[in-house]
>>> print(open('start32.txt').read())   # compact mmCIF, C-alpha atoms
# COMPACT_ATOMS: atom_id res chain seq x y z
CA PHE A 1 33.65 -56.09 -2.53
CA CYS A 2 30.24 -55.20 -1.23
CA TYR A 3 27.17 -55.74 -3.35
CA GLU A 4 23.91 -53.85 -2.92
CA PRO A 5 20.80 -54.95 -4.80
CA SER A 6 19.08 -52.29 -6.86
CA TRP A 7 16.25 -52.05 -9.38
CA CYS A 8 17.12 -51.94 -13.04
CA ALA A 9 14.96 -50.64 -15.84
CA ILE A 10 14.03 -53.03 -18.61
CA ASP A 11 14.05 -52.18 -22.27
CA THR A 12 10.35 -52.19 -22.90
CA VAL A 13 8.01 -49.52 -24.17
CA PRO A 14 6.10 -48.06 -21.19
CA GLU A 15 2.37 -48.16 -21.25
CA ILE A 16 0.79 -44.69 -21.29
CA TYR A 17 -2.77 -44.03 -20.19
CA GLU A 18 -4.23 -40.58 -20.76
CA LEU A 19 -7.41 -39.50 -19.03
CA GLN A 20 -9.41 -36.52 -20.30
CA VAL A 21 -10.14 -34.85 -16.97
CA GLY A 22 -10.62 -31.31 -18.28
CA ASP A 23 -14.40 -31.63 -18.02
CA LEU A 24 -14.34 -33.54 -14.74
CA PHE A 25 -16.50 -31.79 -12.10
CA ILE A 26 -15.39 -31.29 -8.50
CA TRP A 27 -17.89 -30.73 -5.70
CA VAL A 28 -16.17 -28.45 -3.20
CA LYS A 29 -17.40 -27.87 0.34
CA SER A 30 -16.07 -24.86 2.24
CA ALA A 31 -17.14 -23.46 5.61
CA ILE A 32 -15.89 -20.83 8.03
CA GLN A 33 -16.72 -19.66 11.55
CA PHE A 34 -15.73 -16.45 13.34
CA VAL A 35 -15.78 -17.54 16.96
CA ARG A 36 -14.85 -14.14 18.44
CA LEU A 37 -17.64 -12.21 16.75
CA ALA A 38 -20.38 -14.79 16.20
CA ARG A 39 -19.76 -18.11 17.92
CA ASP A 40 -23.15 -19.52 16.95
CA LYS A 41 -22.87 -18.85 13.18
CA VAL A 42 -21.21 -21.03 10.57
CA TYR A 43 -21.10 -19.90 6.95
CA SER A 44 -20.91 -22.65 4.33
CA THR A 45 -21.17 -23.13 0.60
CA GLU A 46 -24.06 -25.48 1.36
CA ASP A 47 -26.20 -22.76 2.92
CA ASN A 48 -29.42 -22.64 0.91
CA HIS A 49 -27.70 -24.95 -1.61
CA PRO A 50 -27.41 -28.48 -0.19
CA ASP A 51 -27.03 -29.86 -3.72
CA PRO A 52 -24.17 -29.15 -6.12
CA LYS A 53 -24.57 -25.89 -8.01
CA ARG A 54 -22.12 -24.88 -10.70
CA GLY A 55 -20.30 -21.67 -9.92
CA ARG A 56 -20.98 -21.89 -6.19
CA ASN A 57 -19.72 -25.27 -4.98
CA LEU A 58 -19.37 -27.21 -8.24
CA PHE A 59 -16.50 -26.52 -10.65
CA SER A 60 -14.94 -28.32 -13.57
CA VAL A 61 -11.18 -28.60 -13.88
CA ARG A 62 -11.25 -26.10 -16.72
CA ASP A 63 -13.29 -23.68 -14.59
CA LEU A 64 -10.71 -23.70 -11.80
CA LEU A 65 -7.83 -23.29 -14.27
CA THR A 66 -9.59 -20.30 -15.82
CA LEU A 67 -9.80 -18.62 -12.38
CA CYS A 68 -6.02 -18.53 -12.07
CA LYS A 69 -4.45 -15.09 -11.71
CA PRO A 70 -2.72 -13.13 -13.08
CA VAL A 71 -2.95 -15.29 -16.22
CA PRO A 72 -5.64 -17.95 -16.79
CA VAL A 73 -4.33 -21.46 -17.46
CA ARG A 74 -5.54 -23.61 -20.35
CA PHE A 75 -5.96 -27.31 -19.73
CA GLU A 76 -4.08 -28.18 -22.94
CA GLU A 77 -1.00 -26.36 -21.60
CA ILE A 78 -0.67 -28.52 -18.49
CA SER A 79 -2.19 -31.82 -19.68
CA GLU A 80 1.26 -33.38 -20.27
CA LEU A 81 3.39 -32.13 -17.36
CA GLY A 82 0.62 -31.37 -14.90
CA ALA A 83 0.33 -28.42 -12.51
CA ALA A 84 -0.24 -27.52 -8.87
CA ILE A 85 -3.15 -25.12 -8.35
CA GLU A 86 -4.12 -23.36 -5.12
CA VAL A 87 -7.85 -22.60 -4.88
CA GLN A 88 -8.94 -20.09 -2.25
CA PHE A 89 -12.40 -19.50 -0.84
CA ILE A 90 -12.27 -15.96 0.56
CA TRP A 91 -15.08 -15.02 2.96
CA ASN A 92 -15.73 -11.34 3.72
CA CYS A 93 -18.76 -11.46 5.97
CA ASN A 94 -20.89 -9.12 8.04
CA VAL A 95 -21.82 -11.30 10.99
CA ASP A 96 -24.90 -9.15 11.65
CA LYS A 97 -26.38 -10.82 8.56
CA ASP A 98 -27.23 -14.48 8.07
CA ASP A 99 -26.00 -14.87 4.47
CA CYS A 100 -22.47 -14.59 3.15
CA GLU A 101 -21.09 -15.57 -0.25
CA PRO A 102 -17.40 -16.48 -0.72
CA GLU A 103 -15.16 -15.23 -3.49
CA VAL A 104 -13.29 -18.01 -5.32
CA SER A 105 -9.82 -17.33 -6.70
CA ALA A 106 -6.95 -19.52 -7.87
CA ARG A 107 -3.27 -19.35 -8.75
CA ARG A 108 -0.67 -21.70 -10.13
CA VAL A 109 1.99 -22.49 -7.51
CA ASP A 110 4.29 -25.03 -9.20
CA VAL A 111 5.90 -22.24 -11.26
CA LEU A 112 6.60 -20.34 -8.02
CA PHE A 113 8.47 -23.15 -6.26
CA ASP A 114 10.77 -24.17 -9.11
CA PRO A 115 10.42 -22.25 -12.41
CA LYS A 116 12.90 -24.64 -14.09
CA ASN A 117 11.00 -27.77 -13.07
CA ILE A 118 7.33 -27.00 -13.55
CA GLY A 119 4.44 -29.41 -13.42
CA TYR A 120 3.27 -31.97 -10.90
CA THR A 121 4.40 -35.60 -10.85
CA PHE A 122 4.97 -38.42 -8.39
CA ASN A 123 6.01 -42.10 -8.56
CA TYR A 124 4.94 -45.21 -6.70
CA ALA A 125 5.86 -48.85 -7.14
CA GLU A 126 3.80 -52.07 -7.18
CA GLU A 127 5.68 -55.22 -6.27
CA ILE A 128 5.06 -58.21 -8.53
CA ASN A 129 7.48 -60.62 -6.82
CA GLU A 130 10.84 -60.46 -5.03
CA THR A 131 12.72 -59.64 -8.19
CA GLN A 132 10.16 -57.63 -10.15
CA ARG A 133 8.13 -54.54 -9.56
CA MET A 134 6.06 -52.09 -11.64
CA LEU A 135 6.91 -48.39 -11.41
CA ASN A 136 4.02 -46.00 -11.98
CA GLU A 137 4.84 -42.40 -12.90
CA MET A 138 1.86 -40.09 -12.51
CA HIS A 139 1.37 -36.65 -14.06
CA GLY A 140 -1.68 -34.52 -13.43
CA VAL A 141 -3.30 -31.53 -11.83
CA ARG A 142 -3.36 -31.26 -8.06
CA PHE A 143 -5.63 -28.78 -6.31
CA PHE A 144 -4.83 -27.36 -2.89
CA LEU A 145 -8.00 -25.94 -1.29
CA ARG A 146 -7.78 -23.14 1.23
CA THR A 147 -10.45 -21.28 3.19
CA HIS A 148 -9.89 -17.93 4.93
CA GLY A 149 -11.74 -14.68 5.43
CA ASN A 150 -12.48 -11.55 7.42
CA ALA A 151 -15.53 -10.66 9.50
CA ARG A 152 -16.97 -7.36 10.63
CA LYS A 153 -19.64 -6.38 13.13
CA PHE A 154 -21.11 -3.06 14.21
CA SER A 155 -20.51 -2.20 17.86
CA MET A 156 -22.13 0.86 19.45
CA THR A 157 -19.65 0.84 22.35
CA ILE A 158 -16.59 0.89 20.10
CA SER A 159 -18.19 3.52 17.85
CA VAL A 160 -18.83 5.84 20.80
CA MET A 161 -15.30 5.33 22.11
CA LYS A 162 -13.78 6.14 18.72
CA LEU A 163 -16.00 9.20 18.35
CA ALA A 164 -15.02 10.45 21.81
CA THR A 165 -11.35 9.85 21.09
CA SER A 166 -11.59 11.73 17.80
CA ILE A 167 -13.34 14.68 19.45
CA THR A 168 -10.67 14.78 22.16
CA LEU A 169 -7.86 14.74 19.62
CA LEU A 170 -9.48 17.64 17.79
CA SER A 171 -9.74 19.67 21.04
CA LEU A 172 -13.50 19.94 20.64
CA ALA A 173 -14.38 18.37 23.97
CA PRO A 174 -14.66 21.68 25.96
CA ILE A 175 -16.78 23.29 23.23
CA PHE A 176 -19.07 20.28 22.98
CA THR A 177 -19.42 20.14 26.79
CA ASP A 178 -20.30 23.82 27.04
CA LEU A 179 -22.96 23.53 24.34
CA LEU A 180 -24.39 20.48 26.05
CA MET A 181 -24.58 22.11 29.49
CA LEU A 182 -25.92 25.44 28.16
CA ASN A 183 -28.66 24.05 25.94
CA VAL A 184 -29.54 20.47 26.93
CA LEU A 185 -29.09 19.72 30.63
CA GLY A 186 -31.85 20.45 33.12
CA LYS A 187 -29.79 22.93 35.18
CA LYS A 188 -28.60 24.91 32.18
CA LYS A 189 -29.76 28.25 33.68
CA LYS A 190 -27.63 27.74 36.81
CA TYR A 191 -24.65 26.80 34.70
CA GLN A 192 -25.15 29.88 32.51
CA ALA A 193 -25.37 32.13 35.61
CA ARG A 194 -22.04 30.82 36.89
CA LYS A 195 -20.30 30.72 33.54
CA TYR A 196 -20.89 34.41 32.67
CA GLU A 197 -20.29 37.37 35.07
CA ASN A 198 -22.00 40.70 34.29
CA SER A 199 -19.66 43.68 34.76
CA PRO A 200 -20.67 47.36 35.41
CA ASP A 201 -21.21 49.77 32.51
CA PHE A 202 -17.98 51.67 31.88
CA GLY A 203 -19.40 53.66 28.95
CA ASP A 204 -19.15 57.14 30.61
CA HIS A 205 -15.69 56.47 31.95
CA MET A 206 -14.47 55.40 28.54
CA LYS A 207 -15.84 58.62 27.04
CA GLU A 208 -13.87 60.70 29.58
CA VAL A 209 -10.75 58.72 28.84
CA ALA A 210 -11.24 59.32 25.11
CA GLU A 211 -11.72 63.08 25.63
CA PHE A 212 -8.61 63.27 27.83
CA GLN A 213 -6.57 61.46 25.19
CA LYS A 214 -7.82 63.87 22.52
CA LYS A 215 -6.85 66.84 24.70
CA ARG A 216 -3.36 65.46 25.27
CA GLN A 217 -2.94 64.90 21.57
CA ALA A 218 -4.05 68.48 20.83
CA GLU A 219 -1.56 69.85 23.35
CA ALA A 220 1.17 67.76 21.85
CA LYS A 221 0.46 69.32 18.47
CA ASN A 222 0.86 72.94 19.89
CA PRO A 223 4.11 73.00 21.93
CA ASP A 224 4.50 76.86 21.57
CA LYS A 225 1.31 77.53 23.51
CA GLU A 226 2.50 75.38 26.40
CA GLU A 227 5.86 77.14 26.52
CA GLN A 228 4.13 80.57 26.53
CA GLU A 229 1.97 79.55 29.49
CA THR A 230 5.05 78.39 31.36
CA ARG A 231 6.85 81.63 30.59
CA ASP A 232 3.86 83.69 31.79
CA ARG A 233 3.75 81.80 35.07
CA GLU A 234 7.47 82.43 35.65
CA GLU A 235 7.11 86.18 34.92
CA ASP A 236 4.15 86.44 37.26
CA TRP A 237 6.10 84.69 40.01
CA GLN A 238 9.10 87.01 39.47
CA ARG A 239 6.89 90.16 39.58
CA ARG A 240 5.30 89.15 42.87
CA LEU A 241 8.72 88.43 44.32
CA ASN A 242 9.98 91.95 43.41
CA GLU A 243 6.90 93.58 44.96
CA GLU A 244 7.49 91.81 48.27
CA GLN A 245 11.09 93.05 48.36
>>> encode(input="start32.txt", output="structure tokens")
Amino acid sequence: FCYEPSWCAIDTVPEIYELQVGDLFIWVKSAIQFVRLARDKVYSTEDNHPDPKRGRNLFSVRDLLTLCKPVPVRFEEISELGAAIEVQFIWNCNVDKDDCEPEVSARRVDVLFDPKNIGYTFNYAEEINETQRMLNEMHGVRFFLRTHGNARKFSMTISVMKLATSITLLSLAPIFTDLLMLNVLGKKKKYQARKYENSPDFGDHMKEVAEFQKKRQAEAKNPDKEEQETRDREEDWQRRLNEEQ
């Protein structure tokens, strides 16, 4: 047989120590830098507030639990089993300005990992001698702090490029160019002279064409008169032919 030593529990009542940490304050320091847009700027919760200030960089445990979404968490609910809370400092900054305030949000994550085994606990042992040790089982609230954000900056070059692209997509580029060259540029008179070509006045010719069309229409409405004229011409031609014979 093979024997392997192992630790055995003893029949004693464990000692329980409860700490009221609901009103314990935590001084949080968060900072962020957007190196692509503003390499020389660092935004921090300590800007203009080097000392702890509640609501900005100082929070109690109850305060952070109340920030949880979608449902706030009460300290009495998790005081026995504990909980794992993720606290986020979200920075949405305009790097053209010097000041930026973060938005603080929180959520409970232990219920997301294992809904059937909620809470937060861990064990560690303290050796007394070679045959004895003390096992400590800890329950409590653990906070995971996270900092992230988005930055924006106005750029004239990008704005002009987007405006030009939009105008091109809308097929307004030729119209805009013509207006610019006809009204703004220094040689606008030369451009106007070459853009427009003055044609002769065809007013009299168009009147003659209109009168001819009216005459044709009138003749089309009186076909008997045309046939009579044709018949008269044929009789006249026949009469002259008989006289010559």
>>> closest_residue(input="start32.txt", among="A:Ser79, A:Thr66, A:Asn92, A:Thr165", to="Ser105 (chain A)", atoms="all atoms listed in the file")
A:Thr66
>>> closest_residue(input="start32.txt", among="A:Met134, A:Leu19, A:Ala151, A:Cys2", to="Ile32 (chain A)", atoms="only C-alpha atoms")
A:Ala151
>>> residues_around(input="start32.txt", residues="region 34-36 of chain A", least_positions_apart="6", cutoff="12 Å", atoms="only C-alpha atoms", output="PDB file with C-alpha atoms, in the coordinates of the input")
ATOM      1  CA  VAL A  42     -21.210 -21.030  10.570  1.00  0.00           C
ATOM      2  CA  TYR A  43     -21.100 -19.900   6.950  1.00  0.00           C
ATOM      3  CA  TRP A  91     -15.080 -15.020   2.960  1.00  0.00           C
ATOM      4  CA  ASN A  92     -15.730 -11.340   3.720  1.00  0.00           C
ATOM      5  CA  CYS A  93     -18.760 -11.460   5.970  1.00  0.00           C
ATOM      6  CA  ASN A  94     -20.890  -9.120   8.040  1.00  0.00           C
ATOM      7  CA  VAL A  95     -21.820 -11.300  10.990  1.00  0.00           C
ATOM      8  CA  ASP A  96     -24.900  -9.150  11.650  1.00  0.00           C
ATOM      9  CA  HIS A 148      -9.890 -17.930   4.930  1.00  0.00           C
ATOM     10  CA  GLY A 149     -11.740 -14.680   5.430  1.00  0.00           C
ATOM     11  CA  ASN A 150     -12.480 -11.550   7.420  1.00  0.00           C
ATOM     12  CA  ALA A 151     -15.530 -10.660   9.500  1.00  0.00           C
ATOM     13  CA  ARG A 152     -16.970  -7.360  10.630  1.00  0.00           C
ATOM     14  CA  LYS A 153     -19.640  -6.380  13.130  1.00  0.00           C
TER      15      LYS A 153
END
>>> atom_distance(input="start32.txt", atom1="CA of Val141 (chain A)", atom2="CA of Phe25 (chain A)")
13.2 Å
>>> atom_distance(input="start32.txt", atom1="CA of Ile128 (chain A)", atom2="CA of Glu4 (chain A)")
20.1 Å
>>> atom_distance(input="start32.txt", atom1="CA of Asn48 (chain A)", atom2="CA of Leu65 (chain A)")
26.4 Å
>>> residues_around(input="start32.txt", residues="Asp47 (chain A)", least_positions_apart="4", cutoff="12 Å", atoms="all atoms listed in the file", output="NGL selection string")
:A and (29-32 or 41-43 or 51-53 or 56-57 or 98-102)
>>> decode(input="start32.txt", residues="region 16-37 of chain A", atoms="C-alpha atoms", output="CSV table (one decimal), in the first residue's frame")
chain,number,residue,atom,x,y,z
A,16,ILE,CA,-15.3,34.2,12.6
A,17,TYR,CA,-14.2,37.8,12.3
A,18,GLU,CA,-16.6,40.3,10.6
A,19,LEU,CA,-15.3,43.7,9.5
A,20,GLN,CA,-17.8,46.5,8.7
A,21,VAL,CA,-16.2,47.8,5.6
A,22,GLY,CA,-19.4,49.3,4.0
A,23,ASP,CA,-18.3,52.8,5.0
A,24,LEU,CA,-14.6,52.2,4.2
A,25,PHE,CA,-13.3,54.9,1.8
A,26,ILE,CA,-11.1,54.1,-1.2
A,27,TRP,CA,-8.9,56.8,-2.8
A,28,VAL,CA,-8.8,55.9,-6.5
A,29,LYS,CA,-6.3,57.4,-8.9
A,30,SER,CA,-7.0,57.1,-12.6
A,31,ALA,CA,-5.1,58.7,-15.6
A,32,ILE,CA,-5.2,58.4,-19.4
A,33,GLN,CA,-3.1,59.6,-22.3
A,34,PHE,CA,-4.0,59.8,-26.0
A,35,VAL,CA,-0.6,59.6,-27.6
A,36,ARG,CA,-1.8,59.8,-31.2
A,37,LEU,CA,-3.8,63.0,-30.8
